$ cat entry.pdb   # PDB, C-alpha atoms, pLDDT in the B column
ATOM      1  CA  MET A  60      17.535 209.874  90.138  1.00 95.00           C
ATOM      2  CA  HIS A  61      19.184 206.485  89.906  1.00 98.00           C
ATOM      3  CA  ILE A  62      22.804 206.342  91.103  1.00 98.00           C
ATOM      4  CA  LEU A  63      25.074 203.343  90.447  1.00 98.00           C
ATOM      5  CA  ILE A  64      28.162 202.853  92.600  1.00 98.00           C
ATOM      6  CA  VAL A  65      30.674 200.280  91.344  1.00 98.00           C
ATOM      7  CA  SER A  66      32.332 198.048  93.944  1.00 97.00           C
ATOM      8  CA  PRO A  67      35.287 195.906  92.704  1.00 94.00           C
ATOM      9  CA  HIS A  68      35.248 194.029  96.035  1.00 92.00           C
ATOM     10  CA  PRO A  69      32.163 193.606  98.226  1.00 92.00           C
ATOM     11  CA  ASP A  70      33.253 196.328 100.689  1.00 94.00           C
ATOM     12  CA  ASP A  71      34.772 198.968  98.385  1.00 95.00           C
ATOM     13  CA  ALA A  72      31.600 201.020  97.879  1.00 97.00           C
ATOM     14  CA  GLU A  73      31.050 201.017 101.647  1.00 97.00           C
ATOM     15  CA  TYR A  74      34.600 202.225 102.209  1.00 96.00           C
ATOM     16  CA  GLY A  75      34.476 205.064  99.707  1.00 97.00           C
ATOM     17  CA  LEU A  76      30.894 206.256  99.223  1.00 98.00           C
ATOM     18  CA  ALA A  77      28.612 204.768 101.873  1.00 98.00           C
ATOM     19  CA  GLY A  78      27.888 208.201 103.331  1.00 97.00           C
ATOM     20  CA  VAL A  79      27.028 209.629  99.916  1.00 98.00           C
ATOM     21  CA  ALA A  80      24.824 206.605  99.238  1.00 98.00           C
ATOM     22  CA  ARG A  81      22.895 207.177 102.459  1.00 97.00           C
ATOM     23  CA  LYS A  82      22.515 210.885 101.684  1.00 97.00           C
ATOM     24  CA  CYS A  83      21.094 209.945  98.285  1.00 97.00           C
ATOM     25  CA  ILE A  84      18.595 207.563  99.871  1.00 97.00           C
ATOM     26  CA  TYR A  85      17.589 210.294 102.329  1.00 96.00           C
ATOM     27  CA  ALA A  86      17.026 212.627  99.344  1.00 96.00           C
ATOM     28  CA  GLN A  87      14.686 210.023  97.789  1.00 96.00           C
ATOM     29  CA  HIS A  88      17.100 208.868  95.088  1.00 97.00           C
ATOM     30  CA  GLN A  89      17.523 205.234  94.072  1.00 98.00           C
ATOM     31  CA  VAL A  90      20.977 203.773  94.791  1.00 98.00           C
ATOM     32  CA  THR A  91      22.433 200.528  93.448  1.00 98.00           C
ATOM     33  CA  PHE A  92      25.749 198.969  94.404  1.00 98.00           C
ATOM     34  CA  LEU A  93      27.236 197.067  91.439  1.00 97.00           C
ATOM     35  CA  VAL A  94      29.369 194.437  93.146  1.00 96.00           C
ATOM     36  CA  ASN A  95      32.023 192.592  91.163  1.00 94.00           C
ATOM     37  CA  THR A  96      32.431 188.852  91.750  1.00 89.00           C
ATOM     38  CA  GLY A  97      35.454 188.245  89.497  1.00 82.00           C
ATOM     39  CA  SER A  98      39.093 188.317  90.523  1.00 78.00           C
ATOM     40  CA  ALA A  99      42.319 189.101  88.721  1.00 70.00           C
ATOM     41  CA  HIS A 100      43.984 186.170  90.523  1.00 68.00           C
ATOM     42  CA  LYS A 101      42.917 182.598  89.796  1.00 61.00           C
ATOM     43  CA  THR A 102      43.816 181.541  93.321  1.00 55.00           C
ATOM     44  CA  ASP A 103      41.954 184.447  94.948  1.00 59.00           C
ATOM     45  CA  ASN A 104      38.602 183.157  96.117  1.00 59.00           C
ATOM     46  CA  PHE A 105      37.597 186.454  97.699  1.00 64.00           C
ATOM     47  CA  PHE A 106      33.939 186.217  96.699  1.00 73.00           C
ATOM     48  CA  THR A 107      32.704 183.485  99.004  1.00 81.00           C
ATOM     49  CA  GLU A 108      29.117 182.763 100.010  1.00 85.00           C
ATOM     50  CA  GLU A 109      29.801 184.554 103.265  1.00 89.00           C
ATOM     51  CA  ARG A 110      30.963 187.694 101.462  1.00 88.00           C
ATOM     52  CA  LYS A 111      27.898 187.533  99.214  1.00 90.00           C
ATOM     53  CA  ARG A 112      25.634 187.445 102.268  1.00 93.00           C
ATOM     54  CA  GLU A 113      27.531 190.379 103.742  1.00 93.00           C
ATOM     55  CA  ALA A 114      27.125 192.344 100.512  1.00 94.00           C
ATOM     56  CA  GLU A 115      23.403 191.608 100.390  1.00 95.00           C
ATOM     57  CA  SER A 116      22.965 192.714 103.999  1.00 95.00           C
ATOM     58  CA  ILE A 117      23.427 196.315 102.823  1.00 96.00           C
ATOM     59  CA  LYS A 118      19.914 196.166 101.399  1.00 96.00           C
ATOM     60  CA  LYS A 119      18.549 196.997 104.856  1.00 96.00           C
ATOM     61  CA  TYR A 120      19.910 200.527 104.322  1.00 96.00           C
ATOM     62  CA  GLY A 121      17.650 200.974 101.300  1.00 96.00           C
ATOM     63  CA  ILE A 122      20.361 200.210  98.749  1.00 98.00           C
ATOM     64  CA  ASN A 123      19.925 197.777  95.869  1.00 97.00           C
ATOM     65  CA  VAL A 124      22.699 195.242  95.319  1.00 97.00           C
ATOM     66  CA  VAL A 125      23.454 193.799  91.873  1.00 97.00           C
ATOM     67  CA  PHE A 126      26.328 191.415  91.130  1.00 96.00           C
ATOM     68  CA  PHE A 127      28.454 191.325  87.979  1.00 95.00           C
ATOM     69  CA  ASP A 128      31.667 189.716  86.777  1.00 93.00           C
ATOM     70  CA  TYR A 129      34.093 191.991  84.970  1.00 93.00           C
ATOM     71  CA  HIS A 130      35.212 189.052  82.827  1.00 91.00           C
ATOM     72  CA  ILE A 131      31.786 189.022  81.102  1.00 93.00           C
ATOM     73  CA  GLU A 132      31.607 191.456  78.209  1.00 91.00           C
ATOM     74  CA  ASN A 133      28.463 193.622  77.836  1.00 91.00           C
ATOM     75  CA  GLN A 134      26.986 192.508  81.163  1.00 94.00           C
ATOM     76  CA  VAL A 135      27.063 195.976  82.707  1.00 96.00           C
ATOM     77  CA  SER A 136      26.387 197.870  79.466  1.00 95.00           C
ATOM     78  CA  GLU A 137      23.115 195.975  79.055  1.00 93.00           C
ATOM     79  CA  PHE A 138      22.208 196.761  82.656  1.00 96.00           C
ATOM     80  CA  ILE A 139      22.937 200.453  82.027  1.00 96.00           C
ATOM     81  CA  ARG A 140      20.780 200.508  78.894  1.00 94.00           C
ATOM     82  CA  GLU A 141      17.939 198.877  80.789  1.00 93.00           C
ATOM     83  CA  LYS A 142      18.060 200.898  84.024  1.00 95.00           C
ATOM     84  CA  LYS A 143      19.247 204.215  82.530  1.00 96.00           C
ATOM     85  CA  PRO A 144      21.033 205.614  85.597  1.00 97.00           C
ATOM     86  CA  GLU A 145      21.647 209.337  85.717  1.00 96.00           C
ATOM     87  CA  ILE A 146      24.940 208.927  87.589  1.00 96.00           C
ATOM     88  CA  VAL A 147      27.605 206.212  87.730  1.00 97.00           C
ATOM     89  CA  PHE A 148      30.408 206.369  90.280  1.00 97.00           C
ATOM     90  CA  ASN A 149      33.304 204.169  89.220  1.00 97.00           C
ATOM     91  CA  ILE A 150      36.439 203.435  91.220  1.00 95.00           C
ATOM     92  CA  ASP A 151      39.460 205.576  90.357  1.00 94.00           C
ATOM     93  CA  GLU A 152      41.990 203.858  88.109  1.00 89.00           C
ATOM     94  CA  ASN A 153      45.022 205.086  90.092  1.00 92.00           C
ATOM     95  CA  ASP A 154      44.962 202.148  92.449  1.00 94.00           C
ATOM     96  CA  GLU A 155      47.519 199.645  93.696  1.00 93.00           C
ATOM     97  CA  ASP A 156      45.052 196.748  93.576  1.00 91.00           C
ATOM     98  CA  VAL A 157      45.023 194.903  90.231  1.00 91.00           C
ATOM     99  CA  THR A 158      41.359 193.938  90.435  1.00 91.00           C
ATOM    100  CA  HIS A 159      40.431 197.560  91.178  1.00 94.00           C
ATOM    101  CA  ARG A 160      42.254 198.789  88.070  1.00 94.00           C
ATOM    102  CA  LEU A 161      40.788 196.103  85.836  1.00 94.00           C
ATOM    103  CA  VAL A 162      37.254 196.759  87.073  1.00 95.00           C
ATOM    104  CA  SER A 163      37.696 200.516  86.638  1.00 95.00           C
ATOM    105  CA  ASN A 164      38.761 200.094  83.017  1.00 95.00           C
ATOM    106  CA  TYR A 165      36.033 197.506  82.401  1.00 96.00           C
ATOM    107  CA  ILE A 166      33.318 199.859  83.678  1.00 96.00           C
ATOM    108  CA  ASP A 167      34.619 202.738  81.555  1.00 94.00           C
ATOM    109  CA  CYS A 168      34.446 200.466  78.506  1.00 94.00           C
ATOM    110  CA  GLU A 169      30.943 199.272  79.416  1.00 95.00           C
ATOM    111  CA  ILE A 170      29.731 202.870  79.803  1.00 94.00           C
ATOM    112  CA  ARG A 171      31.071 203.680  76.338  1.00 92.00           C
ATOM    113  CA  CYS A 172      29.534 200.481  74.963  1.00 93.00           C
ATOM    114  CA  ALA A 173      26.120 201.420  76.371  1.00 93.00           C
ATOM    115  CA  SER A 174      26.225 204.666  74.405  1.00 91.00           C
ATOM    116  CA  ILE A 175      26.551 202.786  71.092  1.00 88.00           C
ATOM    117  CA  PRO A 176      23.265 201.609  69.488  1.00 82.00           C
ATOM    118  CA  THR A 177      22.821 197.911  68.676  1.00 76.00           C
ATOM    119  CA  ASP A 178      20.295 195.848  66.745  1.00 75.00           C
ATOM    120  CA  ARG A 179      18.769 194.602  70.004  1.00 73.00           C
ATOM    121  CA  CYS A 180      18.436 197.815  71.993  1.00 75.00           C
ATOM    122  CA  GLU A 181      18.821 201.560  71.843  1.00 85.00           C
ATOM    123  CA  CYS A 182      21.859 203.335  73.165  1.00 89.00           C
ATOM    124  CA  TYR A 183      22.055 205.213  76.450  1.00 93.00           C
ATOM    125  CA  ALA A 184      24.730 207.744  77.344  1.00 91.00           C
ATOM    126  CA  VAL A 185      25.190 208.077  81.101  1.00 94.00           C
ATOM    127  CA  PRO A 186      24.808 211.820  81.856  1.00 93.00           C
ATOM    128  CA  VAL A 187      27.231 211.950  84.798  1.00 93.00           C
ATOM    129  CA  VAL A 188      30.256 209.699  85.408  1.00 94.00           C
ATOM    130  CA  GLY A 189      32.376 210.190  88.496  1.00 95.00           C
ATOM    131  CA  TYR A 190      35.101 208.413  90.456  1.00 96.00           C
ATOM    132  CA  TYR A 191      35.784 207.720  94.107  1.00 97.00           C
ATOM    133  CA  GLU A 192      38.677 206.432  96.188  1.00 96.00           C
ATOM    134  CA  THR A 193      39.107 203.289  98.230  1.00 94.00           C
ATOM    135  CA  PHE A 194      41.655 201.743 100.593  1.00 92.00           C
ATOM    136  CA  SER A 195      44.367 201.266  97.968  1.00 93.00           C
ATOM    137  CA  THR A 196      43.738 204.358  95.796  1.00 94.00           C
ATOM    138  CA  ARG A 197      46.729 206.622  95.308  1.00 92.00           C
ATOM    139  CA  LYS A 198      47.092 210.292  94.239  1.00 90.00           C
ATOM    140  CA  PHE A 199      43.338 210.878  94.301  1.00 94.00           C
ATOM    141  CA  VAL A 200      42.439 214.574  93.998  1.00 93.00           C
ATOM    142  CA  PRO A 201      38.673 215.058  94.445  1.00 94.00           C
ATOM    143  CA  HIS A 202      36.801 217.819  92.652  1.00 93.00           C
ATOM    144  CA  ILE A 203      34.374 218.125  95.528  1.00 95.00           C
ATOM    145  CA  ILE A 204      33.996 216.924  99.124  1.00 97.00           C
ATOM    146  CA  ILE A 205      30.522 215.815 100.206  1.00 97.00           C
ATOM    147  CA  ASP A 206      29.696 216.360 103.874  1.00 97.00           C
ATOM    148  CA  VAL A 207      28.585 212.975 105.229  1.00 97.00           C
ATOM    149  CA  THR A 208      28.877 213.792 108.929  1.00 97.00           C
ATOM    150  CA  ALA A 209      25.186 213.088 109.602  1.00 96.00           C
ATOM    151  CA  PHE A 210      25.512 209.668 107.933  1.00 97.00           C
ATOM    152  CA  TYR A 211      28.999 208.706 109.091  1.00 97.00           C
ATOM    153  CA  ALA A 212      27.684 206.258 111.703  1.00 97.00           C
ATOM    154  CA  ASP A 213      25.724 204.459 108.977  1.00 97.00           C
ATOM    155  CA  ALA A 214      28.830 204.425 106.768  1.00 97.00           C
ATOM    156  CA  CYS A 215      30.847 202.793 109.568  1.00 97.00           C
ATOM    157  CA  ASN A 216      28.177 200.189 110.259  1.00 97.00           C
ATOM    158  CA  MET A 217      27.881 199.378 106.566  1.00 97.00           C
ATOM    159  CA  LEU A 218      31.638 198.770 106.356  1.00 96.00           C
ATOM    160  CA  LYS A 219      31.557 196.667 109.515  1.00 95.00           C
ATOM    161  CA  SER A 220      28.912 194.449 107.906  1.00 95.00           C
ATOM    162  CA  HIS A 221      31.817 192.977 105.913  1.00 94.00           C
ATOM    163  CA  GLN A 222      33.401 191.198 108.854  1.00 92.00           C
ATOM    164  CA  SER A 223      35.163 188.600 106.721  1.00 88.00           C
ATOM    165  CA  GLY A 224      36.879 191.380 104.784  1.00 87.00           C
ATOM    166  CA  ILE A 225      37.859 193.140 108.009  1.00 91.00           C
ATOM    167  CA  ASN A 226      39.343 189.876 109.291  1.00 90.00           C
ATOM    168  CA  MET A 227      41.613 189.797 106.232  1.00 86.00           C
ATOM    169  CA  LEU A 228      42.496 193.499 106.493  1.00 87.00           C
ATOM    170  CA  PRO A 229      41.882 194.793 110.042  1.00 91.00           C
ATOM    171  CA  SER A 230      43.446 198.214 109.357  1.00 93.00           C
ATOM    172  CA  ILE A 231      40.665 199.070 106.907  1.00 94.00           C
ATOM    173  CA  VAL A 232      38.424 200.324 109.745  1.00 94.00           C
ATOM    174  CA  TYR A 233      41.098 202.740 110.966  1.00 95.00           C
ATOM    175  CA  SER A 234      41.888 203.796 107.388  1.00 95.00           C
ATOM    176  CA  HIS A 235      38.176 204.410 106.742  1.00 96.00           C
ATOM    177  CA  ARG A 236      37.942 206.842 109.652  1.00 96.00           C
ATOM    178  CA  LEU A 237      41.218 208.566 108.779  1.00 96.00           C
ATOM    179  CA  LYS A 238      40.150 208.989 105.144  1.00 96.00           C
ATOM    180  CA  HIS A 239      36.823 210.519 106.144  1.00 97.00           C
ATOM    181  CA  GLN A 240      38.493 212.864 108.630  1.00 97.00           C
ATOM    182  CA  THR A 241      41.111 213.924 106.060  1.00 96.00           C
ATOM    183  CA  ASN A 242      38.415 214.663 103.509  1.00 96.00           C
ATOM    184  CA  GLY A 243      36.528 216.488 106.230  1.00 97.00           C
ATOM    185  CA  VAL A 244      39.501 218.783 106.800  1.00 96.00           C
ATOM    186  CA  ARG A 245      39.690 219.415 103.057  1.00 94.00           C
ATOM    187  CA  GLY A 246      36.010 220.273 102.896  1.00 95.00           C
ATOM    188  CA  GLY A 247      35.730 222.143 106.185  1.00 96.00           C
ATOM    189  CA  VAL A 248      33.430 219.537 107.731  1.00 97.00           C
ATOM    190  CA  MET A 249      33.828 216.743 110.276  1.00 97.00           C
ATOM    191  CA  TYR A 250      33.569 213.757 107.908  1.00 98.00           C
ATOM    192  CA  GLY A 251      33.666 213.903 104.127  1.00 97.00           C
ATOM    193  CA  GLU A 252      33.776 211.740 101.011  1.00 98.00           C
ATOM    194  CA  GLY A 253      35.467 212.879  97.819  1.00 97.00           C
ATOM    195  CA  ILE A 254      34.427 212.459  94.209  1.00 96.00           C
ATOM    196  CA  LYS A 255      35.870 213.640  90.939  1.00 93.00           C
ATOM    197  CA  LEU A 256      34.187 213.876  87.556  1.00 91.00           C
ATOM    198  CA  SER A 257      35.242 212.058  84.416  1.00 85.00           C
ATOM    199  CA  ASP A 258      37.973 213.466  82.214  1.00 73.00           C
ATOM    200  CA  VAL A 259      36.538 213.966  78.727  1.00 59.00           C
ATOM    201  CA  SER A 260      40.003 213.825  77.169  1.00 46.00           C
ATOM    202  CA  ARG A 261      40.461 210.287  78.497  1.00 52.00           C
ATOM    203  CA  ASN A 262      36.936 208.852  78.528  1.00 54.00           C
ATOM    204  CA  TYR A 263      35.375 210.575  75.493  1.00 56.00           C
ATOM    205  CA  TRP A 264      32.225 211.804  77.235  1.00 63.00           C
ATOM    206  CA  LYS A 265      31.126 215.080  78.729  1.00 74.00           C
ATOM    207  CA  VAL A 266      29.440 215.533  82.076  1.00 80.00           C
ATOM    208  CA  ASN A 267      25.873 216.831  81.923  1.00 87.00           C
ATOM    209  CA  TYR A 268      26.323 219.594  84.480  1.00 87.00           C
ATOM    210  CA  SER A 269      22.619 220.344  84.633  1.00 91.00           C
ATOM    211  CA  ILE A 270      21.902 216.874  86.007  1.00 92.00           C
ATOM    212  CA  TYR A 271      25.045 216.896  88.159  1.00 92.00           C
ATOM    213  CA  LEU A 272      24.113 220.200  89.824  1.00 92.00           C
ATOM    214  CA  LYS A 273      20.521 219.071  90.293  1.00 94.00           C
ATOM    215  CA  TRP A 274      21.778 215.959  92.098  1.00 95.00           C
ATOM    216  CA  LEU A 275      24.332 217.914  94.108  1.00 93.00           C
ATOM    217  CA  ASN A 276      21.714 220.438  95.181  1.00 94.00           C
ATOM    218  CA  SER A 277      19.384 217.635  96.308  1.00 94.00           C
ATOM    219  CA  ILE A 278      21.936 216.222  98.790  1.00 92.00           C
ATOM    220  CA  TRP A 279      23.629 219.455  99.848  1.00 86.00           C
ATOM    221  CA  GLU A 280      23.135 220.583 103.423  1.00 67.00           C
TER     222      GLU A 280
END

$ encode --input "entry.pdb" --output "structure tokens"
Amino acid sequence: MHILIVSPHPDDAEYGLAGVARKCIYAQHQVTFLVNTGSAHKTDNFFTEERKREAESIKKYGINVVFFDYHIENQVSEFIREKKPEIVFNIDENDEDVTHRLVSNYIDCEIRCASIPTDRCECYAVPVVGYYETFSTRKFVPHIIIDVTAFYADACNMLKSHQSGINMLPSIVYSHRLKHQTNGVRGGVMYGEGIKLSDVSRNYWKVNYSIYLKWLNSIWE
């Protein structure tokens, strides 16, 4: 399967789902980080050349890295139609960071757009859409906790690849460990990462549970 994980900032996917990404790679799935380069603040130059190099360094873990700008309409929907991912993990909208919220809503719109046929290309409805939490997510209630204990060291090293981001927010490393331990307690494991599935009443699509369970079974230990 092909799994897309949306990252509003270069280190968000590493913070929230790096362990799941590594489990997917281990299970022979294809994983792509969709990394946003646009900012909600005109004066916020967070996506520097250094941060781009840090984002691209994740490729050594077997993960593809693709950049997008949430200001550009149809950019991601065209990518979805072309690559036809079975699963997309978006960032949860209940977040204190403005860029996170804008990217979350943008991705939801692009997923819906991809499911609408056009004159240039056929439509593609993503079978499974889920959400994950990051540093500034609030009131996140996961539907399931994935045990990432065996891949937690990789998850830490992937986050630490973003040294420029850590320099701006040193507490993120501590928060990362605390979040994984808290999810671990919830799931009865040492380290865990939480995901929740899309809400059909809000996003107008249903989860294909056959594909979801097939994926879940492939990474379950």

$ resolve_selection --input "entry.pdb" --expression "the PyMOL selection byres ((chain A and resi 244-250) around 8)" --output "list in words"
Ile203, Ile204, Ile205, Asp206, Val207, Thr208, Tyr211, His239, Gln240, Thr241, Asn242, Gly243, Gly251 and Glu252 of chain A

$ closest_residue --input "entry.pdb" --among "A:Val135, A:Asp178, A:His68, A:Val187" --to "Ser269 of chain A" --atoms "only C-alpha atoms"
A:Val187

$ residues_around --input "entry.pdb" --residues "His159 of chain A" --least-positions-apart "5" --cutoff "10 Å" --atoms "all atoms listed in the file" --output "list in words"
Ser66, Pro67, His68, Asp71, Asn95, Ser98, Ala99, Asn149, Ile150, Asp151, Glu152, Asn153, Asp154, Asn164, Tyr165, Thr193, Ser195 and Thr196 of chain A

$ resolve_selection --input "entry.pdb" --expression "the PyMOL selection byres ((chain A and resi 190) around 10)" --output "ChimeraX atom specification"
/A:64-65,75-76,147-152,163,188-189,191-192,199,201-202,253-257

$ closest_residue --input "entry.pdb" --among "A:Pro229, A:Pro144, A:Gly78, A:Pro176" --to "Cys215 of chain A" --atoms "all atoms listed in the file"
A:Gly78

$ decode --input "entry.pdb" --residues "segment 168-271 of chain A" --atoms "C-alpha atoms" --output "mmCIF file, in the first residue's frame"
data_model
loop_
_atom_site.group_PDB
_atom_site.id
_atom_site.type_symbol
_atom_site.label_atom_id
_atom_site.label_comp_id
_atom_site.auth_asym_id
_atom_site.auth_seq_id
_atom_site.Cartn_x
_atom_site.Cartn_y
_atom_site.Cartn_z
ATOM 1 C CA CYS A 168 -10.472 19.995 0.555
ATOM 2 C CA GLU A 169 -7.834 18.511 -1.761
ATOM 3 C CA ILE A 170 -8.936 14.966 -0.874
ATOM 4 C CA ARG A 171 -12.524 15.879 -1.739
ATOM 5 C CA CYS A 172 -11.351 17.587 -4.932
ATOM 6 C CA ALA A 173 -9.466 14.456 -6.009
ATOM 7 C CA SER A 174 -12.692 12.466 -5.803
ATOM 8 C CA ILE A 175 -14.393 14.734 -8.367
ATOM 9 C CA PRO A 176 -13.780 13.865 -12.059
ATOM 10 C CA THR A 177 -12.329 16.526 -14.372
ATOM 11 C CA ASP A 178 -11.798 16.866 -18.109
ATOM 12 C CA ARG A 179 -8.072 16.204 -17.674
ATOM 13 C CA CYS A 180 -8.074 13.189 -15.373
ATOM 14 C CA GLU A 181 -10.267 10.644 -13.666
ATOM 15 C CA CYS A 182 -11.312 10.962 -10.069
ATOM 16 C CA TYR A 183 -9.828 9.030 -7.167
ATOM 17 C CA ALA A 184 -11.455 8.635 -3.768
ATOM 18 C CA VAL A 185 -8.911 7.938 -1.033
ATOM 19 C CA PRO A 186 -10.118 4.735 0.702
ATOM 20 C CA VAL A 187 -8.835 5.586 4.191
ATOM 21 C CA VAL A 188 -8.346 9.063 5.694
ATOM 22 C CA GLY A 189 -7.024 9.423 9.214
ATOM 23 C CA TYR A 190 -5.628 12.091 11.529
ATOM 24 C CA TYR A 191 -2.719 12.327 13.931
ATOM 25 C CA GLU A 192 -1.545 14.709 16.634
ATOM 26 C CA THR A 193 1.484 16.943 16.879
ATOM 27 C CA PHE A 194 3.138 19.247 19.413
ATOM 28 C CA SER A 195 0.342 21.826 19.464
ATOM 29 C CA THR A 196 -2.686 19.531 18.983
ATOM 30 C CA ARG A 197 -5.358 19.806 21.648
ATOM 31 C CA LYS A 198 -8.209 17.483 22.749
ATOM 32 C CA PHE A 199 -7.048 14.668 20.476
ATOM 33 C CA VAL A 200 -8.850 11.382 21.198
ATOM 34 C CA PRO A 201 -7.335 8.560 19.109
ATOM 35 C CA HIS A 202 -9.432 5.656 17.879
ATOM 36 C CA ILE A 203 -6.462 3.336 18.105
ATOM 37 C CA ILE A 204 -2.934 3.298 19.543
ATOM 38 C CA ILE A 205 -0.220 1.733 17.386
ATOM 39 C CA ASP A 206 2.632 0.086 19.280
ATOM 40 C CA VAL A 207 5.840 1.667 17.961
ATOM 41 C CA THR A 208 8.153 0.511 20.745
ATOM 42 C CA ALA A 209 10.427 -1.414 18.358
ATOM 43 C CA PHE A 210 10.785 1.690 16.161
ATOM 44 C CA TYR A 211 10.856 4.381 18.840
ATOM 45 C CA ALA A 212 14.624 4.884 18.532
ATOM 46 C CA ASP A 213 14.195 5.536 14.804
ATOM 47 C CA ALA A 214 11.342 7.950 15.557
ATOM 48 C CA CYS A 215 13.576 9.898 17.961
ATOM 49 C CA ASN A 216 16.458 10.041 15.499
ATOM 50 C CA MET A 217 14.148 11.188 12.718
ATOM 51 C CA LEU A 218 12.883 14.051 14.894
ATOM 52 C CA LYS A 219 16.429 14.963 15.898
ATOM 53 C CA SER A 220 17.332 15.281 12.212
ATOM 54 C CA HIS A 221 15.464 18.607 12.370
ATOM 55 C CA GLN A 222 18.045 20.365 14.506
ATOM 56 C CA SER A 223 17.080 23.846 13.340
ATOM 57 C CA GLY A 224 13.509 23.214 14.467
ATOM 58 C CA ILE A 225 14.713 21.876 17.817
ATOM 59 C CA ASN A 226 16.822 25.013 18.267
ATOM 60 C CA MET A 227 13.654 27.100 17.916
ATOM 61 C CA LEU A 228 11.612 24.821 20.193
ATOM 62 C CA PRO A 229 13.906 22.766 22.465
ATOM 63 C CA SER A 230 11.025 21.312 24.515
ATOM 64 C CA ILE A 231 9.747 19.398 21.486
ATOM 65 C CA VAL A 232 12.128 16.488 22.204
ATOM 66 C CA TYR A 233 10.812 16.115 25.755
ATOM 67 C CA SER A 234 7.218 16.519 24.548
ATOM 68 C CA HIS A 235 7.804 13.848 21.884
ATOM 69 C CA ARG A 236 8.876 11.302 24.494
ATOM 70 C CA LEU A 237 6.080 12.238 26.896
ATOM 71 C CA LYS A 238 3.468 11.959 24.132
ATOM 72 C CA HIS A 239 4.703 8.519 23.107
ATOM 73 C CA GLN A 240 4.775 7.320 26.716
ATOM 74 C CA THR A 241 1.265 8.673 27.366
ATOM 75 C CA ASN A 242 -0.062 6.921 24.286
ATOM 76 C CA GLY A 243 1.802 3.827 25.407
ATOM 77 C CA VAL A 244 -0.066 3.861 28.716
ATOM 78 C CA ARG A 245 -3.342 4.237 26.826
ATOM 79 C CA GLY A 246 -2.521 1.308 24.580
ATOM 80 C CA GLY A 247 -0.850 -0.919 27.157
ATOM 81 C CA VAL A 248 2.551 -0.709 25.466
ATOM 82 C CA MET A 249 5.800 1.144 26.139
ATOM 83 C CA TYR A 250 5.616 3.691 23.298
ATOM 84 C CA GLY A 251 2.596 4.382 21.124
ATOM 85 C CA GLU A 252 1.274 6.688 18.415
ATOM 86 C CA GLY A 253 -2.406 7.521 18.090
ATOM 87 C CA ILE A 254 -4.574 7.890 15.014
ATOM 88 C CA LYS A 255 -8.242 8.550 14.490
ATOM 89 C CA LEU A 256 -10.331 7.976 11.385
ATOM 90 C CA SER A 257 -12.207 10.621 9.446
ATOM 91 C CA ASP A 258 -15.656 11.712 10.540
ATOM 92 C CA VAL A 259 -18.056 11.116 7.648
ATOM 93 C CA SER A 260 -20.488 13.707 8.997
ATOM 94 C CA ARG A 261 -17.814 16.397 8.665
ATOM 95 C CA ASN A 262 -15.720 15.251 5.700
ATOM 96 C CA TYR A 263 -18.354 13.567 3.500
ATOM 97 C CA TRP A 264 -16.461 10.320 2.924
ATOM 98 C CA LYS A 265 -16.587 6.872 4.429
ATOM 99 C CA VAL A 266 -13.611 4.815 5.505
ATOM 100 C CA ASN A 267 -13.052 1.623 3.521
ATOM 101 C CA TYR A 268 -12.681 -0.672 6.516
ATOM 102 C CA SER A 269 -11.553 -3.597 4.400
ATOM 103 C CA ILE A 270 -8.435 -1.708 3.325
ATOM 104 C CA TYR A 271 -7.977 -0.168 6.779
#
